[in-house]
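Data block for run_36.txt (compact mmCIF, C-alpha atoms and all ligand atoms):
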# COMPACT_ATOMS: atom_id res chain seq x y z
CA MET A 606 2.84 -9.63 -27.26
CA ALA A 607 -0.93 -9.62 -27.98
CA ARG A 608 -2.39 -6.15 -28.35
CA ARG A 609 -5.84 -4.61 -28.45
CA THR A 610 -7.41 -4.13 -31.85
CA THR A 611 -10.18 -1.81 -30.75
CA LYS A 612 -9.82 1.94 -31.06
CA ALA A 613 -9.12 4.17 -28.12
CA PRO A 614 -11.60 6.97 -27.51
CA ALA A 615 -10.76 10.39 -28.92
CA THR A 616 -8.33 12.57 -27.01
CA LYS A 617 -8.10 16.31 -26.58
CA GLN A 618 -4.40 16.26 -25.75
CA ALA A 619 -2.25 17.83 -28.43
CA GLY A 620 1.11 16.28 -27.50
CA ALA A 621 -0.07 12.71 -26.95
CA LYS A 622 -1.58 10.90 -29.91
CA PRO A 623 -3.77 7.95 -28.95
CA THR A 624 -5.75 6.51 -31.85
CA VAL A 625 -8.53 8.84 -32.89
CA ALA A 626 -11.55 7.46 -34.67
CA CYS A 627 -12.03 10.07 -37.45
CA ALA A 628 -14.75 9.67 -40.09
CA GLY A 629 -13.38 9.25 -43.63
CA LYS A 630 -9.78 8.80 -42.50
CA LYS A 631 -7.80 5.61 -42.55
CA PRO A 632 -7.46 4.67 -38.87
CA ARG A 633 -3.93 4.64 -37.57
CA PRO A 634 -2.86 1.62 -35.53
CA PRO A 635 -3.32 2.23 -31.81
CA ALA A 636 -0.28 3.89 -30.26
CA SER A 637 0.15 0.75 -28.20
CA GLN A 638 0.58 -1.50 -31.28
CA ALA A 639 3.02 0.82 -32.94
CA ALA A 640 4.94 1.14 -29.70
CA SER A 641 5.04 -2.62 -29.25
CA SER A 642 6.80 -3.34 -32.54
CA ALA A 643 9.01 -0.28 -32.18
CA ALA A 644 9.98 -1.46 -28.70
CA SER A 645 11.02 -4.93 -29.80
CA ALA A 646 13.01 -3.51 -32.73
CA ARG A 647 14.69 -1.11 -30.34
CA LYS A 648 15.52 -3.87 -27.86
CA ARG A 649 17.53 -5.56 -30.60
CA THR A 650 19.29 -2.30 -31.41
CA VAL A 651 20.20 -1.72 -27.76
CA ALA A 652 21.55 -5.26 -27.50
CA ALA A 653 23.85 -4.66 -30.50
CA LYS A 654 25.09 -1.30 -29.20
CA GLN A 655 28.70 -0.21 -29.48
CA PRO A 656 30.73 -0.06 -26.25
CA LYS A 657 30.81 3.75 -26.48
CA PRO A 658 27.59 4.99 -28.07
CA ASP A 659 27.14 8.52 -29.32
CA LEU A 660 25.40 10.59 -26.61
CA ALA A 661 23.23 12.53 -29.06
CA ASP A 662 22.04 9.25 -30.62
CA VAL A 663 21.18 7.77 -27.23
CA ARG A 664 19.27 10.90 -26.24
CA ALA A 665 17.37 10.87 -29.52
CA GLN A 666 16.33 7.27 -28.76
CA ILE A 667 15.22 8.24 -25.27
CA ASP A 668 13.25 11.22 -26.61
CA GLY A 669 11.44 8.93 -29.03
CA ILE A 670 10.62 6.45 -26.30
CA ASP A 671 9.38 9.24 -24.01
CA ARG A 672 7.01 10.40 -26.77
CA GLU A 673 5.64 6.87 -27.08
CA ILE A 674 5.33 6.38 -23.33
CA GLN A 675 3.46 9.66 -23.03
CA ALA A 676 1.08 8.74 -25.85
CA LEU A 677 0.46 5.35 -24.27
CA ILE A 678 -0.20 6.80 -20.84
CA ALA A 679 -2.69 9.22 -22.37
CA GLU A 680 -4.32 6.37 -24.26
CA ARG A 681 -4.51 4.30 -21.08
CA ALA A 682 -6.06 7.21 -19.19
CA LEU A 683 -8.75 7.46 -21.86
CA TRP A 684 -9.50 3.76 -21.58
CA ALA A 685 -9.60 3.98 -17.78
CA HIS A 686 -12.09 6.79 -18.18
CA GLN A 687 -14.13 4.52 -20.41
CA VAL A 688 -14.03 1.87 -17.67
CA GLY A 689 -15.42 4.49 -15.33
CA LYS A 690 -18.23 5.20 -17.78
CA ALA A 691 -18.85 1.46 -18.22
CA LYS A 692 -19.37 1.14 -14.50
CA GLY A 693 -22.25 3.57 -14.83
CA LYS A 694 -22.93 6.80 -13.02
CA LEU A 695 -21.62 6.08 -9.55
CA ALA A 696 -21.96 8.23 -6.49
CA ALA A 697 -18.32 8.78 -5.52
CA ALA A 698 -14.65 8.05 -6.34
CA ILE A 699 -14.65 5.12 -3.95
CA ASP A 700 -17.21 3.33 -6.15
CA TYR A 701 -14.72 3.22 -9.04
CA TYR A 702 -11.89 1.82 -6.96
CA ARG A 703 -11.18 -1.89 -7.55
CA PRO A 704 -8.35 -3.20 -5.35
CA GLU A 705 -8.60 -6.71 -6.79
CA ARG A 706 -8.20 -5.39 -10.34
CA GLU A 707 -5.24 -3.22 -9.33
CA ALA A 708 -3.54 -6.21 -7.70
CA GLN A 709 -4.04 -8.24 -10.88
CA VAL A 710 -2.58 -5.47 -13.05
CA LEU A 711 0.46 -5.17 -10.77
CA ARG A 712 1.06 -8.91 -10.60
CA ARG A 713 1.10 -9.02 -14.37
CA VAL A 714 3.68 -6.21 -14.35
CA VAL A 715 5.86 -8.35 -12.07
CA ASP A 716 5.33 -11.47 -14.21
CA ARG A 717 6.32 -9.61 -17.38
CA ASN A 718 9.38 -7.99 -15.85
CA GLU A 719 12.63 -9.10 -17.43
CA GLY A 720 14.69 -6.26 -15.94
CA PRO A 721 16.76 -4.19 -15.81
CA LEU A 722 14.42 -2.36 -13.40
CA GLN A 723 13.43 -4.15 -10.20
CA ASP A 724 9.86 -5.40 -9.65
CA GLU A 725 9.33 -2.83 -6.90
CA VAL A 726 10.31 0.03 -9.17
CA LEU A 727 7.97 -1.04 -11.96
CA VAL A 728 5.14 -1.67 -9.51
CA ARG A 729 5.60 1.84 -8.13
CA LEU A 730 5.42 3.37 -11.61
CA PHE A 731 2.30 1.43 -12.57
CA ARG A 732 0.66 2.23 -9.23
CA GLU A 733 1.14 5.91 -10.01
CA ILE A 734 -0.37 5.49 -13.45
CA MET A 735 -3.44 3.73 -12.03
CA SER A 736 -3.68 6.28 -9.25
CA ALA A 737 -3.72 9.10 -11.83
CA CYS A 738 -6.22 7.23 -13.99
CA LEU A 739 -8.57 6.74 -11.06
CA ALA A 740 -8.20 10.34 -9.92
CA GLN A 741 -9.74 11.40 -13.25
CA GLN A 742 -13.07 10.55 -11.62
CA GLU A 743 -12.14 12.17 -8.29
CA PRO A 744 -9.18 11.47 -5.97
CA LEU A 745 -9.66 8.96 -3.17
CA LYS A 746 -9.40 10.39 0.33
CA ILE A 747 -7.17 8.30 2.60
CA GLY A 748 -6.85 8.77 6.37
CA TYR A 749 -3.52 7.99 8.07
CA LEU A 750 -1.63 8.63 11.28
CA GLY A 751 -0.15 12.08 10.77
CA PRO A 752 1.21 14.63 10.77
CA GLU A 753 2.82 14.67 7.33
CA GLY A 754 6.04 12.69 7.04
CA THR A 755 5.03 9.49 8.88
CA PHE A 756 5.66 5.98 7.60
CA SER A 757 1.87 5.65 7.43
CA GLN A 758 1.88 8.43 4.83
CA GLN A 759 4.55 6.50 2.89
CA ALA A 760 2.32 3.43 3.06
CA VAL A 761 -0.59 5.49 1.68
CA HIS A 762 1.56 6.59 -1.27
CA LYS A 763 2.85 3.07 -1.83
CA HIS A 764 -0.64 1.61 -1.98
CA PHE A 765 -2.77 4.38 -3.47
CA GLY A 766 -0.17 6.46 -5.35
CA HIS A 767 0.36 10.20 -5.10
CA SER A 768 -2.88 11.15 -6.84
CA ALA A 769 -4.87 10.04 -3.79
CA LYS A 770 -5.52 12.75 -1.23
CA GLY A 771 -3.98 11.98 2.16
CA LEU A 772 -5.82 13.01 5.31
CA PRO A 773 -3.35 13.24 8.25
CA LEU A 774 -5.03 12.40 11.56
CA ALA A 775 -3.95 12.54 15.20
CA SER A 776 -4.29 8.85 16.08
CA VAL A 777 -5.00 5.43 14.63
CA GLU A 778 -8.32 5.51 16.47
CA GLU A 779 -9.21 8.70 14.64
CA VAL A 780 -8.39 6.99 11.34
CA PHE A 781 -10.97 4.32 12.17
CA ASP A 782 -13.51 6.98 13.21
CA GLU A 783 -13.07 9.13 10.10
CA VAL A 784 -13.42 6.15 7.76
CA ALA A 785 -16.48 4.89 9.67
CA ALA A 786 -18.04 8.37 9.47
CA GLY A 787 -17.41 8.48 5.69
CA HIS A 788 -15.07 11.50 5.93
CA ALA A 789 -12.29 9.34 4.46
CA ASP A 790 -12.78 6.65 1.78
CA PHE A 791 -10.14 4.37 3.29
CA GLY A 792 -7.61 4.43 6.10
CA VAL A 793 -4.11 2.97 6.32
CA VAL A 794 -3.08 1.73 9.77
CA PRO A 795 0.03 -0.09 11.03
CA VAL A 796 -0.69 -3.57 12.36
CA GLU A 797 2.58 -5.47 12.61
CA ASN A 798 6.33 -4.97 12.58
CA SER A 799 8.80 -7.66 11.57
CA GLY A 800 10.83 -7.18 14.75
CA GLN A 801 8.27 -5.96 17.28
CA GLY A 802 5.33 -8.19 16.35
CA THR A 803 1.65 -7.24 16.36
CA ILE A 804 0.53 -3.73 17.17
CA GLN A 805 -2.20 -4.82 19.52
CA SER A 806 -3.74 -1.39 19.97
CA THR A 807 -4.63 -1.45 16.24
CA LEU A 808 -6.01 -4.99 16.39
CA ASP A 809 -8.17 -4.08 19.39
CA LEU A 810 -9.93 -1.36 17.41
CA PHE A 811 -11.52 -4.06 15.24
CA LEU A 812 -13.25 -5.44 18.35
CA THR A 813 -15.69 -2.55 18.34
CA SER A 814 -15.43 -1.23 14.79
CA PRO A 815 -17.71 -2.18 11.88
CA LEU A 816 -14.93 -1.52 9.36
CA THR A 817 -13.48 -4.10 7.00
CA ILE A 818 -9.95 -4.82 5.78
CA CYS A 819 -9.59 -4.07 2.06
CA GLY A 820 -5.86 -4.46 1.56
CA GLU A 821 -2.41 -4.73 3.06
CA VAL A 822 0.81 -2.84 2.46
CA GLU A 823 4.32 -3.90 3.41
CA LEU A 824 6.81 -1.11 3.87
CA ARG A 825 10.56 -1.40 4.46
CA VAL A 826 11.16 1.02 7.31
CA HIS A 827 14.46 2.89 7.48
CA GLN A 828 14.89 5.04 10.57
CA TYR A 829 17.01 8.19 10.75
CA LEU A 830 18.18 10.36 13.60
CA LEU A 831 17.18 13.94 12.76
CA SER A 832 18.02 17.20 14.47
CA ARG A 833 18.13 20.91 13.78
CA THR A 834 21.92 21.24 14.09
CA GLY A 835 22.92 17.86 12.66
CA HIS A 836 25.46 17.24 15.49
CA LEU A 837 25.25 14.14 17.64
CA GLY A 838 27.02 15.93 20.51
CA ASP A 839 24.16 18.48 20.87
CA ILE A 840 21.49 15.87 21.57
CA GLU A 841 20.00 15.56 25.05
CA ARG A 842 16.48 14.32 24.19
CA VAL A 843 15.14 11.98 21.51
CA TYR A 844 11.48 11.97 20.48
CA SER A 845 9.80 9.26 18.47
CA HIS A 846 6.92 6.81 18.36
CA GLY A 847 7.41 4.05 20.93
CA LEU A 848 7.73 1.44 18.19
CA SER A 849 10.47 3.36 16.42
CA LEU A 850 12.40 3.81 19.67
CA ALA A 851 12.13 0.03 20.13
CA GLN A 852 13.33 -0.60 16.55
CA CYS A 853 16.51 1.40 17.28
CA LYS A 854 17.07 0.30 20.89
CA HIS A 855 20.49 -1.19 20.30
CA TRP A 856 21.72 1.77 18.23
CA LEU A 857 20.50 4.22 20.88
CA ARG A 858 22.22 2.28 23.66
CA GLU A 859 25.50 2.30 21.72
CA ASN A 860 25.42 5.86 20.44
CA LEU A 861 23.28 7.93 22.81
CA PRO A 862 23.55 6.26 26.23
CA GLY A 863 21.97 8.26 29.04
CA VAL A 864 20.06 10.53 26.65
CA HIS A 865 16.38 11.02 27.56
CA LYS A 866 13.98 9.18 25.19
CA GLU A 867 10.38 10.26 24.93
CA ALA A 868 7.60 8.38 23.14
CA VAL A 869 5.18 10.62 21.21
CA SER A 870 2.13 9.94 19.02
CA SER A 871 4.11 9.49 15.77
CA ASN A 872 7.62 9.85 14.32
CA ALA A 873 6.66 12.92 12.38
CA GLU A 874 5.22 14.46 15.56
CA GLY A 875 8.64 13.75 17.11
CA ALA A 876 10.33 15.60 14.25
CA ARG A 877 7.89 18.48 14.59
CA ARG A 878 8.83 18.81 18.28
CA ALA A 879 12.56 18.27 17.82
CA ARG A 880 12.87 21.08 15.31
CA LEU A 881 12.00 23.55 18.08
CA SER A 882 15.31 23.21 19.97
CA ASP A 883 18.98 22.53 19.29
CA ASP A 884 19.36 19.84 21.97
CA ALA A 885 16.48 17.68 20.73
CA ALA A 886 16.40 14.98 18.05
CA ALA A 887 13.80 12.71 16.52
CA ILE A 888 13.85 9.23 15.05
CA ALA A 889 11.80 9.26 11.88
CA GLY A 890 11.86 8.54 8.18
CA GLU A 891 13.88 10.51 5.64
CA ASN A 892 10.63 12.11 4.47
CA ALA A 893 10.15 13.77 7.83
CA ALA A 894 13.58 15.39 7.47
CA HIS A 895 12.40 17.06 4.24
CA VAL A 896 8.96 18.00 5.56
CA TYR A 897 10.31 19.60 8.77
CA GLY A 898 13.61 20.96 7.44
CA MET A 899 15.77 18.79 9.73
CA LYS A 900 19.32 17.53 9.21
CA ILE A 901 20.11 13.82 9.12
CA VAL A 902 22.54 13.06 11.96
CA ALA A 903 22.73 9.31 11.35
CA GLY A 904 20.95 6.56 9.51
CA PRO A 905 19.61 4.16 8.71
CA ILE A 906 19.76 3.25 12.42
CA GLU A 907 17.19 0.45 12.76
CA ASP A 908 18.66 -2.56 14.58
CA ARG A 909 17.41 -5.06 12.00
CA SER A 910 18.22 -4.50 8.36
CA ASP A 911 14.98 -6.23 7.27
CA ASN A 912 12.82 -3.92 9.41
CA THR A 913 9.37 -4.01 7.75
CA THR A 914 5.97 -2.78 8.88
CA ARG A 915 2.72 -4.22 7.62
CA PHE A 916 -0.21 -1.83 7.28
CA LEU A 917 -3.87 -2.62 6.74
CA VAL A 918 -6.15 -0.71 4.43
CA ILE A 919 -9.46 -0.25 6.24
CA GLY A 920 -12.73 0.58 4.55
CA ARG A 921 -16.44 -0.02 4.56
CA ALA A 922 -16.82 -2.74 1.91
CA LEU A 923 -15.75 -6.25 1.00
CA PHE A 924 -14.22 -6.73 -2.45
CA PRO A 925 -14.22 -9.70 -4.88
CA PRO A 926 -11.29 -12.15 -5.20
CA SER A 927 -8.08 -11.11 -6.97
CA GLY A 928 -6.70 -14.63 -7.39
CA HIS A 929 -4.14 -14.35 -4.58
CA ASP A 930 -5.88 -13.25 -1.41
CA ARG A 931 -5.71 -13.34 2.33
CA THR A 932 -8.63 -13.37 4.75
CA SER A 933 -8.66 -11.94 8.27
CA LEU A 934 -11.15 -13.44 10.70
CA MET A 935 -12.18 -12.41 14.18
CA VAL A 936 -13.55 -15.37 16.08
CA PHE A 937 -15.16 -15.36 19.51
CA ILE A 938 -15.18 -18.91 20.76
CA ARG A 939 -17.53 -20.54 23.23
CA ASP A 940 -16.02 -21.51 26.54
CA GLN A 941 -15.93 -25.26 25.91
CA PRO A 942 -13.27 -27.98 25.64
CA GLY A 943 -11.47 -28.12 22.28
CA ALA A 944 -13.17 -24.98 20.99
CA LEU A 945 -10.02 -23.60 19.36
CA TYR A 946 -9.20 -26.98 17.85
CA LYS A 947 -12.67 -27.09 16.29
CA ILE A 948 -11.99 -23.78 14.59
CA LEU A 949 -8.59 -24.76 13.26
CA GLU A 950 -9.33 -28.34 12.24
CA PRO A 951 -11.64 -27.52 9.27
CA LEU A 952 -8.92 -25.18 7.97
CA ALA A 953 -6.11 -27.70 8.42
CA ARG A 954 -8.17 -30.52 6.84
CA ARG A 955 -8.52 -28.40 3.70
CA ASN A 956 -4.83 -27.48 3.63
CA ILE A 957 -5.60 -23.80 4.18
CA SER A 958 -2.47 -22.14 5.46
CA MET A 959 -2.69 -19.84 8.44
CA ASN A 960 -0.29 -16.91 8.72
CA ARG A 961 -1.29 -15.68 12.11
CA ILE A 962 -3.33 -16.40 15.19
CA GLU A 963 -3.54 -13.90 17.98
CA SER A 964 -5.81 -13.77 20.99
CA ARG A 965 -7.05 -10.57 22.59
CA PRO A 966 -9.38 -10.04 25.53
CA ALA A 967 -12.93 -9.69 24.16
CA HIS A 968 -14.57 -6.35 24.73
CA GLY A 969 -16.98 -6.36 27.71
CA LYS A 970 -16.70 -10.14 28.26
CA LEU A 971 -14.58 -10.96 31.30
CA TRP A 972 -11.99 -13.71 30.63
CA GLN A 973 -13.27 -14.32 27.14
CA TYR A 974 -11.05 -13.95 24.12
CA ALA A 975 -11.29 -12.99 20.49
CA PHE A 976 -8.99 -14.82 18.09
CA PHE A 977 -7.61 -12.88 15.15
CA ILE A 978 -6.78 -15.41 12.46
CA ASP A 979 -5.25 -14.72 9.03
CA VAL A 980 -5.62 -17.45 6.44
CA ALA A 981 -4.87 -17.87 2.74
CA GLY A 982 -7.76 -17.48 0.31
CA HIS A 983 -10.95 -15.48 -0.20
CA VAL A 984 -14.26 -16.02 1.61
CA ASP A 985 -16.18 -16.21 -1.68
CA GLU A 986 -14.04 -19.09 -2.94
CA SER A 987 -13.53 -22.72 -1.98
CA PRO A 988 -11.92 -24.17 0.05
CA LEU A 989 -12.12 -21.27 2.54
CA LYS A 990 -15.83 -20.73 1.91
CA ASP A 991 -16.59 -24.36 2.88
CA ALA A 992 -14.33 -24.28 5.92
CA LEU A 993 -16.04 -21.16 7.17
CA SER A 994 -19.53 -22.52 6.87
CA GLU A 995 -18.37 -25.54 8.92
CA ILE A 996 -16.72 -23.33 11.55
CA ASP A 997 -19.83 -21.16 11.73
CA ASP A 998 -21.86 -24.12 12.96
CA PHE A 999 -20.12 -24.29 16.31
CA ALA A 1000 -18.03 -21.15 16.86
CA GLY A 1001 -19.62 -18.49 19.04
CA ASP A 1002 -19.28 -15.74 16.48
CA VAL A 1003 -17.13 -15.54 13.33
CA ARG A 1004 -16.66 -12.19 11.68
CA VAL A 1005 -14.89 -11.84 8.36
CA LEU A 1006 -12.86 -8.67 8.80
CA GLY A 1007 -11.89 -8.78 5.15
CA SER A 1008 -10.66 -10.79 2.16
CA TYR A 1009 -8.08 -8.78 0.29
CA PRO A 1010 -5.19 -9.09 -2.20
CA VAL A 1011 -1.89 -10.22 -0.72
CA ALA A 1012 0.49 -7.26 -0.78
CA VAL A 1013 2.28 -6.73 -4.10
CA PRO A 1014 5.97 -5.85 -3.42
O1 LIG A 1101 -10.38 -1.61 -14.27
C1 LIG A 1101 -11.03 -0.79 -13.60
O2 LIG A 1101 -12.05 -1.14 -12.96
C2 LIG A 1101 -10.62 0.63 -13.56
O3 LIG A 1101 -11.32 1.45 -13.01
C3 LIG A 1101 -9.31 1.01 -14.15
C4 LIG A 1101 -8.23 1.04 -13.12
C5 LIG A 1101 -6.87 1.14 -13.87
O4 LIG A 1101 -6.37 2.23 -14.04
O5 LIG A 1101 -6.38 0.07 -14.27
C6 LIG A 1101 -8.39 2.23 -12.25
C7 LIG A 1101 -8.88 2.15 -10.99
C8 LIG A 1101 -9.32 0.91 -10.38
O6 LIG A 1101 -9.02 0.90 -9.01
C9 LIG A 1101 -8.78 -0.26 -11.05
C10 LIG A 1101 -8.25 -0.19 -12.29

Could you render the structure as structure tokens?
Amino acid sequence: MARRTTKAPATKQAGAKPTVACAGKKPRPPASQAASSAASARKRTVAAKQPKPDLADVRAQIDGIDREIQALIAERALWAHQVGKAKGKLAAAIDYYRPEREAQVLRRVVDRNEGPLQDEVLVRLFREIMSACLAQQEPLKIGYLGPEGTFSQQAVHKHFGHSAKGLPLASVEEVFDEVAAGHADFGVVPVENSGQGTIQSTLDLFLTSPLTICGEVELRVHQYLLSRTGHLGDIERVYSHGLSLAQCKHWLRENLPGVHKEAVSSNAEGARRARLSDDAAAIAGENAAHVYGMKIVAGPIEDRSDNTTRFLVIGRALFPPSGHDRTSLMVFIRDQPGALYKILEPLARRNISMNRIESRPAHGKLWQYAFFIDVAGHVDESPLKDALSEIDDFAGDVRVLGSYPVAVP
């Protein structure tokens, strides 16, 4: 594997030992180089291992690896800090954030992965490292549908890591408002569920909002029935977000027929209410059980085992291409024959694939519609760039909501 030859900046950490440029001393190889050769040597050793290795030996190996990992993480953090300096003195944390760069780093992690850990696990670890590196400048502030324990909060952690500061808000609309007002750097909002389809109330907020889409997150959603007592027989009411109730409709019909179901603003809000009485339950994520001290009565209870929600990252800027991007457009078409065809034809002619087209009543324009269209590619790159300039010539109004990296697993 090719490694850097330049020296890492000096570190103050005593435990970790990134390369230090000391006058008059022979420079040591960067920790990364040493680790690289040590790692390949070790791989061979592991492959030749005895069926029953000595536990103390194995632990000694692990301790050595941990030391190297720690030194490398510290070295990486120093380099990331240098990147920050290279970007110049910027006003806020948000100015250092580069979603396209993060997506590239994570895709390389997936490409390099030869196991035994799954892609998702490695991506999660590297996300956390980047999140911590970025937070050296100042943590990003991310608005989401609260309270704590929602799937939106999980999506925030998945995309921005745990070093970002989550800002729980009362509604998706409030997430848009707080990002627009600059009180949050970004927001994470649910837009689509694999079983339930588009969350139109979220899409409609783009009709009047100036915000852009800066990213997407896909989250496998596992629903649990939570209650204070943990007994199914005690339950007379179930609280949850309407979408979660819908995702568990079949299970509820089979297991809690005749029990009152009440839709509330979020799953975690349902858990917060259900913890107040013994005869109430909530459908929410496992996280909510920990946050609100509830017992898991049953789960996972979603009707479809592939239940996945797609979230959008909303912000105030457009970012450069990452090499594998998606673009969301909002198009208001003129009321004329073949208008929709004229929008789609320039895309089809250039072989640009379209993942979604959705029409919603346009705001303040009776019987007129806005089309939400998701296509492959980035607006700054051909062929999408050319298609858009053609579409622009005859469409009523085309707004690029965002060009952003396709979700990394
Ligand atoms: O490469 C950059 O621009 C960095 O700031 C470094 C880094 C990273 O840790 O890799 C950190 C934050 C950015 O969002 C992207 C990448």

Ser987 of chain A: which residues within 12 Å, counting all atoms listed in the file, same-chain residues fewer than 2 positions away excluded, as a PDB file with C-alpha atoms, in the frame of the given file?
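Dumped everything to out20.pdb:
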ATOM      1  CA  PRO A 926     -11.290 -12.150  -5.200  1.00  0.00           C
ATOM      2  CA  GLY A 928      -6.700 -14.630  -7.390  1.00  0.00           C
ATOM      3  CA  LEU A 952      -8.920 -25.180   7.970  1.00  0.00           C
ATOM      4  CA  ARG A 955      -8.520 -28.400   3.700  1.00  0.00           C
ATOM      5  CA  ASN A 956      -4.830 -27.480   3.630  1.00  0.00           C
ATOM      6  CA  ILE A 957      -5.600 -23.800   4.180  1.00  0.00           C
ATOM      7  CA  ALA A 981      -4.870 -17.870   2.740  1.00  0.00           C
ATOM      8  CA  GLY A 982      -7.760 -17.480   0.310  1.00  0.00           C
ATOM      9  CA  HIS A 983     -10.950 -15.480  -0.200  1.00  0.00           C
ATOM     10  CA  VAL A 984     -14.260 -16.020   1.610  1.00  0.00           C
ATOM     11  CA  ASP A 985     -16.180 -16.210  -1.680  1.00  0.00           C
ATOM     12  CA  LEU A 989     -12.120 -21.270   2.540  1.00  0.00           C
ATOM     13  CA  LYS A 990     -15.830 -20.730   1.910  1.00  0.00           C
ATOM     14  CA  ASP A 991     -16.590 -24.360   2.880  1.00  0.00           C
ATOM     15  CA  ALA A 992     -14.330 -24.280   5.920  1.00  0.00           C
ATOM     16  CA  LEU A 993     -16.040 -21.160   7.170  1.00  0.00           C
ATOM     17  CA  SER A 994     -19.530 -22.520   6.870  1.00  0.00           C
TER      18      SER A 994
END

7 Å from ligand LIG 1101 (chain A) is the threshold here; counting all atoms listed in the file, which polymer residues fall inside it? Answer as a CSV table (one decimal) with C-alpha atoms, keeping the file's coordinate frame.
chain,number,residue,atom,x,y,z
A,685,ALA,CA,-9.6,4.0,-17.8
A,688,VAL,CA,-14.0,1.9,-17.7
A,689,GLY,CA,-15.4,4.5,-15.3
A,701,TYR,CA,-14.7,3.2,-9.0
A,702,TYR,CA,-11.9,1.8,-7.0
A,703,ARG,CA,-11.2,-1.9,-7.6
A,704,PRO,CA,-8.4,-3.2,-5.4
A,706,ARG,CA,-8.2,-5.4,-10.3
A,707,GLU,CA,-5.2,-3.2,-9.3
A,710,VAL,CA,-2.6,-5.5,-13.0
A,734,ILE,CA,-0.4,5.5,-13.4
A,735,MET,CA,-3.4,3.7,-12.0
A,736,SER,CA,-3.7,6.3,-9.2
A,738,CYS,CA,-6.2,7.2,-14.0
A,739,LEU,CA,-8.6,6.7,-11.1

If we count all atoms listed in the file, what is near Arg931 of chain A at a cut-off of 12 Å, once residues fewer than 2 positions away on the same chain are taken out, given as number ranges by chain? A: 705, 818-821, 917, 924-929, 933-934, 957-961, 978-986, 989, 1005-1012

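Considering all atoms listed in the file, the residue among A:Pro1014, A:Gly787, A:Gly766, A:Pro988 positioned nearest to Phe731 of chain A is A:Gly766.
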
Could you tell me how far atom CA of Glu963 of chain A sits from atom CA of Phe977 of chain A, in Å to one decimal place? 5.1 Å

Can you complete the atoms of segment 808-821 of chain A to N, CA and C atoms and list them as a tab-separated table (two decimals), keeping the file's coordinate frame?
chain	number	residue	atom	x	y	z
A	808	LEU	N	-5.15	-3.80	16.47
A	808	LEU	CA	-6.01	-4.99	16.39
A	808	LEU	C	-7.26	-4.80	17.26
A	809	ASP	N	-7.06	-4.25	18.45
A	809	ASP	CA	-8.17	-4.08	19.39
A	809	ASP	C	-9.27	-3.18	18.83
A	810	LEU	N	-8.90	-2.26	17.95
A	810	LEU	CA	-9.93	-1.36	17.41
A	810	LEU	C	-10.96	-2.11	16.56
A	811	PHE	N	-10.56	-3.27	16.01
A	811	PHE	CA	-11.52	-4.06	15.24
A	811	PHE	C	-12.59	-4.70	16.12
A	812	LEU	N	-12.29	-4.81	17.43
A	812	LEU	CA	-13.25	-5.44	18.35
A	812	LEU	C	-14.57	-4.68	18.39
A	813	THR	N	-14.47	-3.37	18.23
A	813	THR	CA	-15.69	-2.55	18.34
A	813	THR	C	-16.03	-1.81	17.05
A	814	SER	N	-15.20	-2.00	16.01
A	814	SER	CA	-15.43	-1.23	14.79
A	814	SER	C	-16.17	-2.06	13.74
A	815	PRO	N	-17.04	-1.44	12.95
A	815	PRO	CA	-17.71	-2.18	11.88
A	815	PRO	C	-16.88	-2.24	10.60
A	816	LEU	N	-15.70	-1.65	10.61
A	816	LEU	CA	-14.93	-1.52	9.36
A	816	LEU	C	-14.36	-2.86	8.88
A	817	THR	N	-14.03	-2.89	7.60
A	817	THR	CA	-13.48	-4.10	7.00
A	817	THR	C	-12.02	-3.85	6.58
A	818	ILE	N	-11.32	-4.94	6.29
A	818	ILE	CA	-9.95	-4.82	5.78
A	818	ILE	C	-10.00	-5.02	4.26
A	819	CYS	N	-9.49	-4.04	3.53
A	819	CYS	CA	-9.59	-4.07	2.06
A	819	CYS	C	-8.24	-4.28	1.40
A	820	GLY	N	-7.17	-4.30	2.17
A	820	GLY	CA	-5.86	-4.46	1.56
A	820	GLY	C	-4.77	-4.48	2.61
A	821	GLU	N	-3.57	-4.78	2.17
A	821	GLU	CA	-2.41	-4.73	3.06
A	821	GLU	C	-1.23	-4.13	2.31
